[in-house]
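Dropping input_25.cif in here (mmCIF, C-alpha atoms):
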```cif
data_protein
#
loop_
_atom_site.label_atom_id
_atom_site.label_comp_id
_atom_site.auth_asym_id
_atom_site.auth_seq_id
_atom_site.Cartn_x
_atom_site.Cartn_y
_atom_site.Cartn_z
CA MET R 1 212.03 43.45 186.82
CA SER R 2 212.46 41.19 189.80
CA GLU R 3 213.16 42.06 193.39
CA ALA R 4 213.98 38.43 194.21
CA CYS R 5 216.13 38.12 197.30
CA LYS R 6 219.62 36.76 196.82
CA ILE R 7 221.29 34.83 199.61
CA SER R 8 224.98 34.25 200.11
CA VAL R 9 226.50 32.15 202.86
CA GLU R 10 229.76 32.16 204.78
CA ARG R 11 230.52 29.37 207.19
CA ARG R 12 232.74 30.17 210.17
CA GLY R 13 233.04 27.00 212.22
CA GLU R 14 229.70 26.40 213.91
CA VAL R 15 228.38 29.79 212.82
CA ALA R 16 226.62 30.27 209.48
CA LEU R 17 226.51 33.86 208.28
CA LEU R 18 223.78 34.53 205.72
CA HIS R 19 223.74 37.78 203.74
CA THR R 20 220.48 38.81 202.12
CA ASP R 21 220.13 41.17 199.19
CA GLY R 22 216.64 42.31 198.23
CA TYR R 23 213.00 41.98 199.22
CA ILE R 24 212.18 39.25 201.72
CA ASN R 25 208.70 37.98 200.91
CA ASN R 26 207.49 34.36 200.80
CA GLN R 27 210.08 33.42 198.16
CA GLY R 28 212.93 35.23 199.88
CA GLY R 29 211.87 33.75 203.20
CA GLU R 30 211.81 30.25 201.74
CA GLU R 31 215.29 30.75 200.28
CA ILE R 32 216.60 31.82 203.67
CA ALA R 33 214.86 28.88 205.38
CA ARG R 34 216.27 26.39 202.88
CA GLU R 35 219.79 27.68 203.41
CA ALA R 36 219.45 27.94 207.18
CA TYR R 37 218.10 24.37 207.46
CA SER R 38 220.91 23.09 205.27
CA GLN R 39 223.45 24.81 207.54
CA LEU R 40 221.81 23.42 210.69
CA ASP R 41 221.80 19.93 209.16
CA SER R 42 225.51 20.22 208.45
CA GLY R 43 226.36 21.12 212.03
CA ALA R 44 225.89 24.87 212.38
CA ARG R 45 224.79 25.85 215.88
CA ALA R 46 224.25 29.53 215.20
CA ILE R 47 222.74 31.43 212.29
CA VAL R 48 223.48 35.11 211.78
CA LEU R 49 221.35 36.93 209.23
CA ASN R 50 222.92 40.11 207.89
CA LEU R 51 220.13 42.19 206.33
CA GLU R 52 222.30 45.12 205.29
CA LYS R 53 221.10 44.93 201.68
CA THR R 54 217.43 44.39 202.48
CA ARG R 55 215.04 47.29 203.01
CA ILE R 56 211.68 45.50 203.07
CA VAL R 57 210.67 42.31 204.88
CA ASN R 58 206.96 41.63 204.65
CA SER R 59 204.89 39.77 207.24
CA ILE R 60 204.98 36.53 205.24
CA GLY R 61 208.76 36.71 205.12
CA ILE R 62 208.87 37.33 208.87
CA SER R 63 206.51 34.40 209.49
CA ILE R 64 209.00 32.18 207.69
CA LEU R 65 211.86 33.67 209.75
CA ILE R 66 209.82 32.73 212.84
CA GLU R 67 209.73 29.14 211.55
CA VAL R 68 213.51 29.27 211.14
CA LEU R 69 213.78 30.57 214.69
CA GLU R 70 211.61 27.70 215.93
CA LYS R 71 213.86 25.18 214.21
CA VAL R 72 216.99 26.81 215.60
CA MET R 73 215.49 26.79 219.10
CA ASP R 74 214.56 23.09 218.70
CA LYS R 75 218.22 22.39 218.03
CA LYS R 76 219.29 24.52 221.02
CA GLY R 77 220.99 26.89 218.65
CA VAL R 78 221.08 30.66 218.31
CA LEU R 79 219.57 32.99 215.70
CA ALA R 80 220.77 36.56 215.41
CA PHE R 81 220.14 39.46 213.05
CA CYS R 82 222.28 42.45 212.23
CA HIS R 83 222.17 45.63 210.13
CA LEU R 84 218.39 46.01 210.31
CA THR R 85 216.84 49.21 209.01
CA PRO R 86 214.79 51.03 211.67
CA THR R 87 211.59 49.88 209.93
CA ILE R 88 212.63 46.23 209.86
CA ASP R 89 213.77 46.47 213.48
CA LYS R 90 210.41 47.97 214.42
CA THR R 91 208.50 45.27 212.53
CA PHE R 92 210.51 42.50 214.20
CA ARG R 93 209.56 44.01 217.55
CA ILE R 94 205.88 44.38 216.58
CA MET R 95 205.77 40.71 215.61
CA GLY R 96 207.67 39.56 218.68
CA LEU R 97 210.63 38.11 216.81
CA ALA R 98 212.95 40.31 218.86
CA GLN R 99 211.84 38.52 222.04
CA TYR R 100 213.39 35.26 220.88
CA ALA R 101 216.15 36.24 218.45
CA GLN R 102 219.02 38.59 219.12
CA ILE R 103 219.41 41.81 217.19
CA PHE R 104 222.73 43.59 216.77
CA SER R 105 223.78 46.76 215.03
CA THR R 106 226.84 45.28 213.36
CA GLN R 107 227.93 41.94 211.99
CA GLU R 108 230.97 41.86 214.28
CA GLN R 109 228.81 42.31 217.37
CA ALA R 110 226.50 39.53 216.19
CA LEU R 111 229.33 37.14 215.41
CA GLN R 112 231.04 37.74 218.74
CA ALA R 113 227.82 37.22 220.68
CA VAL R 114 226.78 34.01 218.93
CA ALA R 115 230.31 32.56 218.93
CA ALA R 116 230.24 32.75 222.71
CA LYS R 117 227.01 30.73 222.77
CA ALA R 118 227.47 28.33 219.86
CA MET N 1 178.03 40.20 205.20
CA ALA N 2 178.03 43.87 204.47
CA GLN N 3 179.85 46.01 206.89
CA ARG N 4 181.33 49.42 207.15
CA ASN N 5 183.83 50.30 209.80
CA SER N 6 185.91 53.30 210.43
CA VAL N 7 188.91 53.04 212.71
CA SER N 8 189.95 56.63 212.53
CA PRO N 9 187.39 58.93 211.00
CA GLY N 10 188.38 62.42 210.05
CA LEU N 11 190.98 61.70 207.43
CA THR N 12 190.11 64.03 204.62
CA ALA N 13 191.77 64.71 201.34
CA ALA N 14 190.74 68.33 200.91
CA GLY N 15 193.32 70.35 199.04
CA SER N 16 195.51 67.36 198.41
CA ARG N 17 197.27 66.30 195.23
CA GLU N 18 196.87 62.74 194.12
CA ILE N 19 198.21 60.08 191.79
CA SER N 20 196.26 56.96 190.86
CA LEU N 21 197.69 53.60 189.98
CA THR N 22 196.08 50.26 189.20
CA ILE N 23 198.12 47.11 189.72
CA PRO N 24 197.29 43.54 188.76
CA VAL N 25 197.07 40.84 191.40
CA ALA N 26 200.46 39.33 190.64
CA PRO N 27 203.68 38.55 192.49
CA GLU N 28 205.80 41.55 193.49
CA MET N 29 203.39 44.15 192.08
CA GLU N 30 203.26 45.54 195.61
CA ILE N 31 206.92 46.46 195.25
CA VAL N 32 206.22 48.27 191.98
CA ALA N 33 203.64 50.34 193.85
CA THR N 34 206.10 51.34 196.57
CA ALA N 35 208.02 53.40 194.00
CA GLN N 36 205.18 55.96 194.15
CA VAL N 37 205.50 56.18 197.91
CA ALA N 38 209.21 56.85 197.59
CA ALA N 39 208.68 59.51 194.91
CA LEU N 40 205.95 61.39 196.78
CA GLY N 41 207.66 61.01 200.15
CA GLU N 42 210.84 62.51 198.76
CA TYR N 43 208.79 65.25 197.08
CA ILE N 44 207.47 66.46 200.45
CA GLY N 45 210.83 65.92 202.16
CA MET N 46 209.78 62.96 204.28
CA GLY N 47 212.69 61.10 205.88
CA ARG N 48 213.83 57.76 204.49
CA ASP N 49 212.80 55.77 207.55
CA LYS N 50 209.27 57.14 207.46
CA ILE N 51 209.09 56.45 203.73
CA ASP N 52 210.12 52.86 204.47
CA GLU N 53 207.31 52.60 207.00
CA VAL N 54 204.74 53.77 204.46
CA LYS N 55 206.19 51.38 201.88
CA LEU N 56 205.84 48.43 204.24
CA ALA N 57 202.28 49.43 205.20
CA LEU N 58 201.42 49.55 201.50
CA VAL N 59 203.06 46.17 200.89
CA GLU N 60 201.03 44.67 203.74
CA ALA N 61 197.77 46.18 202.48
CA CYS N 62 198.46 44.86 198.98
CA ILE N 63 199.41 41.33 200.01
CA ASN N 64 196.36 41.14 202.30
CA ALA N 65 194.17 42.06 199.34
CA PHE N 66 196.05 39.69 197.00
CA GLU N 67 195.56 36.79 199.39
CA HIS N 68 192.16 37.36 200.93
CA SER N 69 189.99 39.81 199.00
CA GLY N 70 188.89 37.64 196.07
CA THR N 71 188.81 40.83 194.04
CA ARG N 72 186.48 40.57 191.05
CA ASP N 73 188.59 42.51 188.59
CA GLU N 74 191.92 40.93 189.63
CA ARG N 75 193.25 44.40 190.30
CA LEU N 76 194.01 46.76 193.16
CA HIS N 77 193.22 50.42 192.76
CA LEU N 78 195.73 52.62 194.56
CA THR N 79 195.60 56.34 195.20
CA PHE N 80 198.54 58.28 196.60
CA ARG N 81 197.90 61.73 198.06
CA ILE N 82 200.02 64.43 199.58
CA GLY N 83 198.50 67.27 201.52
CA LYS N 84 198.62 69.48 204.57
CA ASP N 85 196.45 69.70 207.68
CA ASP N 86 194.36 72.87 207.70
CA ASP N 87 195.02 73.67 211.35
CA GLU N 88 198.67 72.87 212.04
CA GLY N 89 199.88 72.81 208.46
CA ARG N 90 201.57 69.44 208.92
CA GLN N 91 202.31 67.71 205.64
CA TRP N 92 201.25 64.14 205.10
CA LEU N 93 201.39 61.31 202.64
CA GLU N 94 198.31 59.17 202.28
CA VAL N 95 197.82 55.86 200.49
CA GLU N 96 194.45 54.36 199.66
CA VAL N 97 194.16 50.70 198.67
CA PHE N 98 190.82 49.67 197.19
CA ASP N 99 189.81 46.21 196.06
CA GLN N 100 186.50 45.04 194.64
CA GLY N 101 186.53 41.86 196.67
CA ARG N 102 184.19 40.23 199.14
CA GLY N 103 185.09 42.47 202.07
CA PHE N 104 185.86 41.44 205.62
CA ASP N 105 185.01 42.31 209.19
CA HIS N 106 188.29 43.57 210.58
CA SER N 107 186.88 43.75 214.12
CA ARG N 108 186.77 39.94 214.10
CA ILE N 109 190.43 39.51 213.25
CA GLU N 110 192.30 38.03 216.18
CA THR N 111 195.28 39.89 217.53
CA PRO N 112 198.25 37.81 216.40
CA SER N 113 201.14 36.76 218.62
CA ILE N 114 204.45 35.08 217.98
CA GLU N 115 203.44 32.26 220.31
CA LYS N 116 200.50 31.47 217.98
CA SER N 117 202.92 31.63 215.06
CA PHE N 118 204.98 28.93 216.75
CA THR N 119 202.13 26.52 216.15
CA GLY N 120 203.32 26.50 212.57
CA ASP N 121 200.06 27.44 210.86
CA ARG N 122 201.31 30.07 208.48
CA LYS N 123 197.80 30.73 207.18
CA LYS N 124 196.76 32.06 210.58
CA ARG N 125 199.23 34.91 210.47
CA GLY N 126 197.00 37.98 210.58
CA TRP N 127 199.94 40.34 211.04
CA GLY N 128 199.21 42.67 208.13
CA LEU N 129 196.71 44.99 209.80
CA GLN N 130 198.66 45.01 213.04
CA ILE N 131 201.76 46.16 211.19
CA ILE N 132 199.86 48.78 209.20
CA LYS N 133 198.30 50.27 212.35
CA SER N 134 201.65 50.29 214.13
CA LEU N 135 203.55 51.99 211.32
CA MET N 136 201.04 54.59 210.17
CA ASP N 137 199.71 57.67 211.98
CA GLY N 138 196.13 57.18 210.84
CA VAL N 139 194.31 54.18 209.40
CA SER N 140 190.73 53.99 208.22
CA ILE N 141 189.14 50.78 206.98
CA SER N 142 185.78 50.43 205.31
CA SER N 143 184.61 47.13 203.95
CA GLY N 144 181.51 45.48 202.65
CA ASP N 145 180.24 43.27 199.87
CA TRP N 146 181.40 45.98 197.45
CA GLY N 147 185.02 45.55 198.47
CA THR N 148 187.50 47.01 200.91
CA ARG N 149 189.10 50.41 201.16
CA ILE N 150 192.08 50.98 203.42
CA LEU N 151 193.22 54.55 203.89
CA MET N 152 196.58 55.09 205.56
CA ARG N 153 198.18 58.39 206.49
CA LYS N 154 201.70 59.23 207.60
CA TYR N 155 202.84 62.68 208.69
CA LYS N 156 206.15 64.01 207.45
#
```
Encoding of this model in C-alpha cells:
Amino acid sequence: MSEACKISVERRGEVALLHTDGYINNQGGEEIAREAYSQLDSGARAIVLNLEKTRIVNSIGISILIEVLEKVMDKKGVLAFCHLTPTIDKTFRIMGLAQYAQIFSTQEQALQAVAAKA
Amino acid sequence: MAQRNSVSPGLTAAGSREISLTIPVAPEMEIVATAQVAALGEYIGMGRDKIDEVKLALVEACINAFEHSGTRDERLHLTFRIGKDDDEGRQWLEVEVFDQGRGFDHSRIETPSIEKSFTGDRKKRGWGLQIIKSLMDGVSISSGDWGTRILMRKYK
C-alpha cells in the first residue's frame, strides 16, 4: 500500500498547471518541487497547483511548497492553488502560505487570475 | 531533562470506548493510522471536514514522534477513543499518541512563522504542534525521560 502522490502537468503558455493526486508529504512535496522548478526553468512564469485529488498535506509537504513559493517569488512569478479542502485551506492559512500565494476555489478562477499576471 | 506539562487539563476518558493500535516508525505509517480516525469519526457521525482535521493532527503528531522522539522501541502506541461529555452530552473523538522516546520541553519550542521558513532551513520548521493546537478542540501534552504522550480531542 502506498499513498505516494502522483503529479501530472499541463503547460498553457507561460502557465504550468500541476495536478496532484494523493498524500503530500516530503516525497510528494519533492515531486512537486522538482516539476515546478523544471517548469520555471523552461520559461513558465506562473504555477497553478490543483489539489482536487489531495486530502492531506502535512507540514513537511507545506514547508517544501513554501520553498517553491520562494523560488517563484525570486523569479517574479506567481504561485496559485485551487480546489483545496477546508482543512488544507486552514492549514495553509495557519502556516502563512496564504499570505504569499493566491488561493482560488476553482481551476478556471486560478488560471484566469494568473494569466493576467504572468 | 524530565518534564511534565499539561496544556489543557481536564480531558478525561471516563465512559469512553477505545481502540489501540501500534505502528512502526516507518514511512507513511501515519496514513495507515488515519484510517481509524475516519472509521470512528464516521461511527459518531462527525463531518468529513472535522475528520480531516483530526487526521492531519494525528499525522503531525506521528511525524513529530518519528523525527524527534528517538523512541526506544521504534514504535508509536496510539489509542483512539470516542465518548461523550457528562454535562452537555457532546460527543468527541480523542486520539492519544505515545512514544517511549527522550521527551521534550514543548514550552521551549519557538512559534514558527513563514518568514523564518523563508530562510530555507527546513529542519527548523516546528509547525507540527502549532497545527495540532489549531485544528483540535483540546490538546494535552506530557513529556519526560519516559517518553511523550499527546492527547488530542475533537468535538463532533
Leaving out N:Arg48 and any residue of its chain fewer than 6 positions from it, which residues lie within 9 Å of it when counting only C-alpha atoms, given as a list in words?
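Final neighbour list, sorted by chain and number: Ala38, Gly41 and Glu42 of chain N.
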For chain R versus chain N, which residues have an atom no more than 9 Å away, and what is each residue's nearest atom pair and distance in Å rounded to one decimal, using all atoms listed in the file, chain-then-number order, as CSV?
```
residue,atom,partner,partner_atom,distance
R:Ser2,CA,N:Glu28,CA,7.6
R:Glu3,CA,N:Glu28,CA,7.4
R:Ala4,CA,N:Glu28,CA,8.8
R:Tyr23,CA,N:Ile31,CA,8.5
R:Asn25,CA,N:Glu28,CA,8.7
R:Arg55,CA,N:Asp52,CA,7.6
R:Ile56,CA,N:Leu56,CA,6.6
R:Val57,CA,N:Leu56,CA,7.8
R:Asn58,CA,N:Glu60,CA,6.7
R:Ser59,CA,N:Trp127,CA,6.3
R:Ile60,CA,N:Arg125,CA,7.9
R:Ser63,CA,N:Arg122,CA,6.8
R:Ile64,CA,N:Arg122,CA,8.0
R:Ile66,CA,N:Phe118,CA,7.3
R:Glu67,CA,N:Gly120,CA,7.0
R:Glu70,CA,N:Phe118,CA,6.8
R:Thr85,CA,N:Asp49,CA,7.8
R:Pro86,CA,N:Asp49,CA,6.6
R:Thr87,CA,N:Glu53,CA,5.9
R:Ile88,CA,N:Glu53,CA,8.8
R:Lys90,CA,N:Leu135,CA,8.5
R:Thr91,CA,N:Ile131,CA,6.9
R:Ile94,CA,N:Ile131,CA,7.0
R:Met95,CA,N:Ile114,CA,6.2
R:Gly96,CA,N:Ile114,CA,5.6
R:Leu97,CA,N:Ile114,CA,7.0
```
I want to know what sits within 12 Å of N:Glu94, based on only C-alpha atoms, with residues of the same chain fewer than 2 positions away left out; could you give that as a PDB file with C-alpha atoms, in the coordinates of the input?
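Result written to out.pdb:
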```pdb
ATOM      1  CA  LEU N  11     190.980  61.700 207.430  1.00  0.00           C
ATOM      2  CA  THR N  12     190.110  64.030 204.620  1.00  0.00           C
ATOM      3  CA  ALA N  13     191.770  64.710 201.340  1.00  0.00           C
ATOM      4  CA  ALA N  14     190.740  68.330 200.910  1.00  0.00           C
ATOM      5  CA  SER N  16     195.510  67.360 198.410  1.00  0.00           C
ATOM      6  CA  ARG N  17     197.270  66.300 195.230  1.00  0.00           C
ATOM      7  CA  GLU N  18     196.870  62.740 194.120  1.00  0.00           C
ATOM      8  CA  ILE N  19     198.210  60.080 191.790  1.00  0.00           C
ATOM      9  CA  SER N  20     196.260  56.960 190.860  1.00  0.00           C
ATOM     10  CA  GLN N  36     205.180  55.960 194.150  1.00  0.00           C
ATOM     11  CA  VAL N  37     205.500  56.180 197.910  1.00  0.00           C
ATOM     12  CA  LEU N  40     205.950  61.390 196.780  1.00  0.00           C
ATOM     13  CA  GLY N  41     207.660  61.010 200.150  1.00  0.00           C
ATOM     14  CA  ILE N  44     207.470  66.460 200.450  1.00  0.00           C
ATOM     15  CA  ILE N  51     209.090  56.450 203.730  1.00  0.00           C
ATOM     16  CA  VAL N  54     204.740  53.770 204.460  1.00  0.00           C
ATOM     17  CA  LYS N  55     206.190  51.380 201.880  1.00  0.00           C
ATOM     18  CA  ALA N  57     202.280  49.430 205.200  1.00  0.00           C
ATOM     19  CA  LEU N  58     201.420  49.550 201.500  1.00  0.00           C
ATOM     20  CA  LEU N  78     195.730  52.620 194.560  1.00  0.00           C
ATOM     21  CA  THR N  79     195.600  56.340 195.200  1.00  0.00           C
ATOM     22  CA  PHE N  80     198.540  58.280 196.600  1.00  0.00           C
ATOM     23  CA  ARG N  81     197.900  61.730 198.060  1.00  0.00           C
ATOM     24  CA  ILE N  82     200.020  64.430 199.580  1.00  0.00           C
ATOM     25  CA  GLY N  83     198.500  67.270 201.520  1.00  0.00           C
ATOM     26  CA  LYS N  84     198.620  69.480 204.570  1.00  0.00           C
ATOM     27  CA  ASP N  85     196.450  69.700 207.680  1.00  0.00           C
ATOM     28  CA  GLN N  91     202.310  67.710 205.640  1.00  0.00           C
ATOM     29  CA  TRP N  92     201.250  64.140 205.100  1.00  0.00           C
ATOM     30  CA  GLU N  96     194.450  54.360 199.660  1.00  0.00           C
ATOM     31  CA  VAL N  97     194.160  50.700 198.670  1.00  0.00           C
ATOM     32  CA  MET N 136     201.040  54.590 210.170  1.00  0.00           C
ATOM     33  CA  ASP N 137     199.710  57.670 211.980  1.00  0.00           C
ATOM     34  CA  GLY N 138     196.130  57.180 210.840  1.00  0.00           C
ATOM     35  CA  VAL N 139     194.310  54.180 209.400  1.00  0.00           C
ATOM     36  CA  SER N 140     190.730  53.990 208.220  1.00  0.00           C
ATOM     37  CA  ILE N 150     192.080  50.980 203.420  1.00  0.00           C
ATOM     38  CA  LEU N 151     193.220  54.550 203.890  1.00  0.00           C
ATOM     39  CA  MET N 152     196.580  55.090 205.560  1.00  0.00           C
ATOM     40  CA  ARG N 153     198.180  58.390 206.490  1.00  0.00           C
ATOM     41  CA  LYS N 154     201.700  59.230 207.600  1.00  0.00           C
ATOM     42  CA  TYR N 155     202.840  62.680 208.690  1.00  0.00           C
ATOM     43  CA  LYS N 156     206.150  64.010 207.450  1.00  0.00           C
TER      44      LYS N 156
END
```
Residues selected by the PyMOL selection byres ((chain R and resi 100-109) around 7), written as an MDAnalysis selection string
chainID R and resid 50 79:83 97:99 110:113
Selection dump of the PyMOL selection byres ((chain N and resi 25) around 12), as a PyMOL selection string:
chain N and resi 22-24+26-33+62-77+99-101
Which protein, DNA or RNA residues are at most 12 Å from (220.9, 20.3, 210.5) in the file's coordinates when you count all atoms listed in the file, listed as a VMD selection string?
chain R and resid 14 16 33 to 47 68 71 to 72 74 to 77
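The gap separating atom CA of N:Asp105 from atom CA of N:Ala61 is 14.9 Å, in Å to one decimal.
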Between atom CA of R:Leu49 and atom CA of R:Leu18, what is the spacing in Å?
4.9 Å
Mind pulling up the distance from atom CA of R:Leu51 to atom CA of R:Ile32?
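Here the two named atoms are 11.3 Å from each other.
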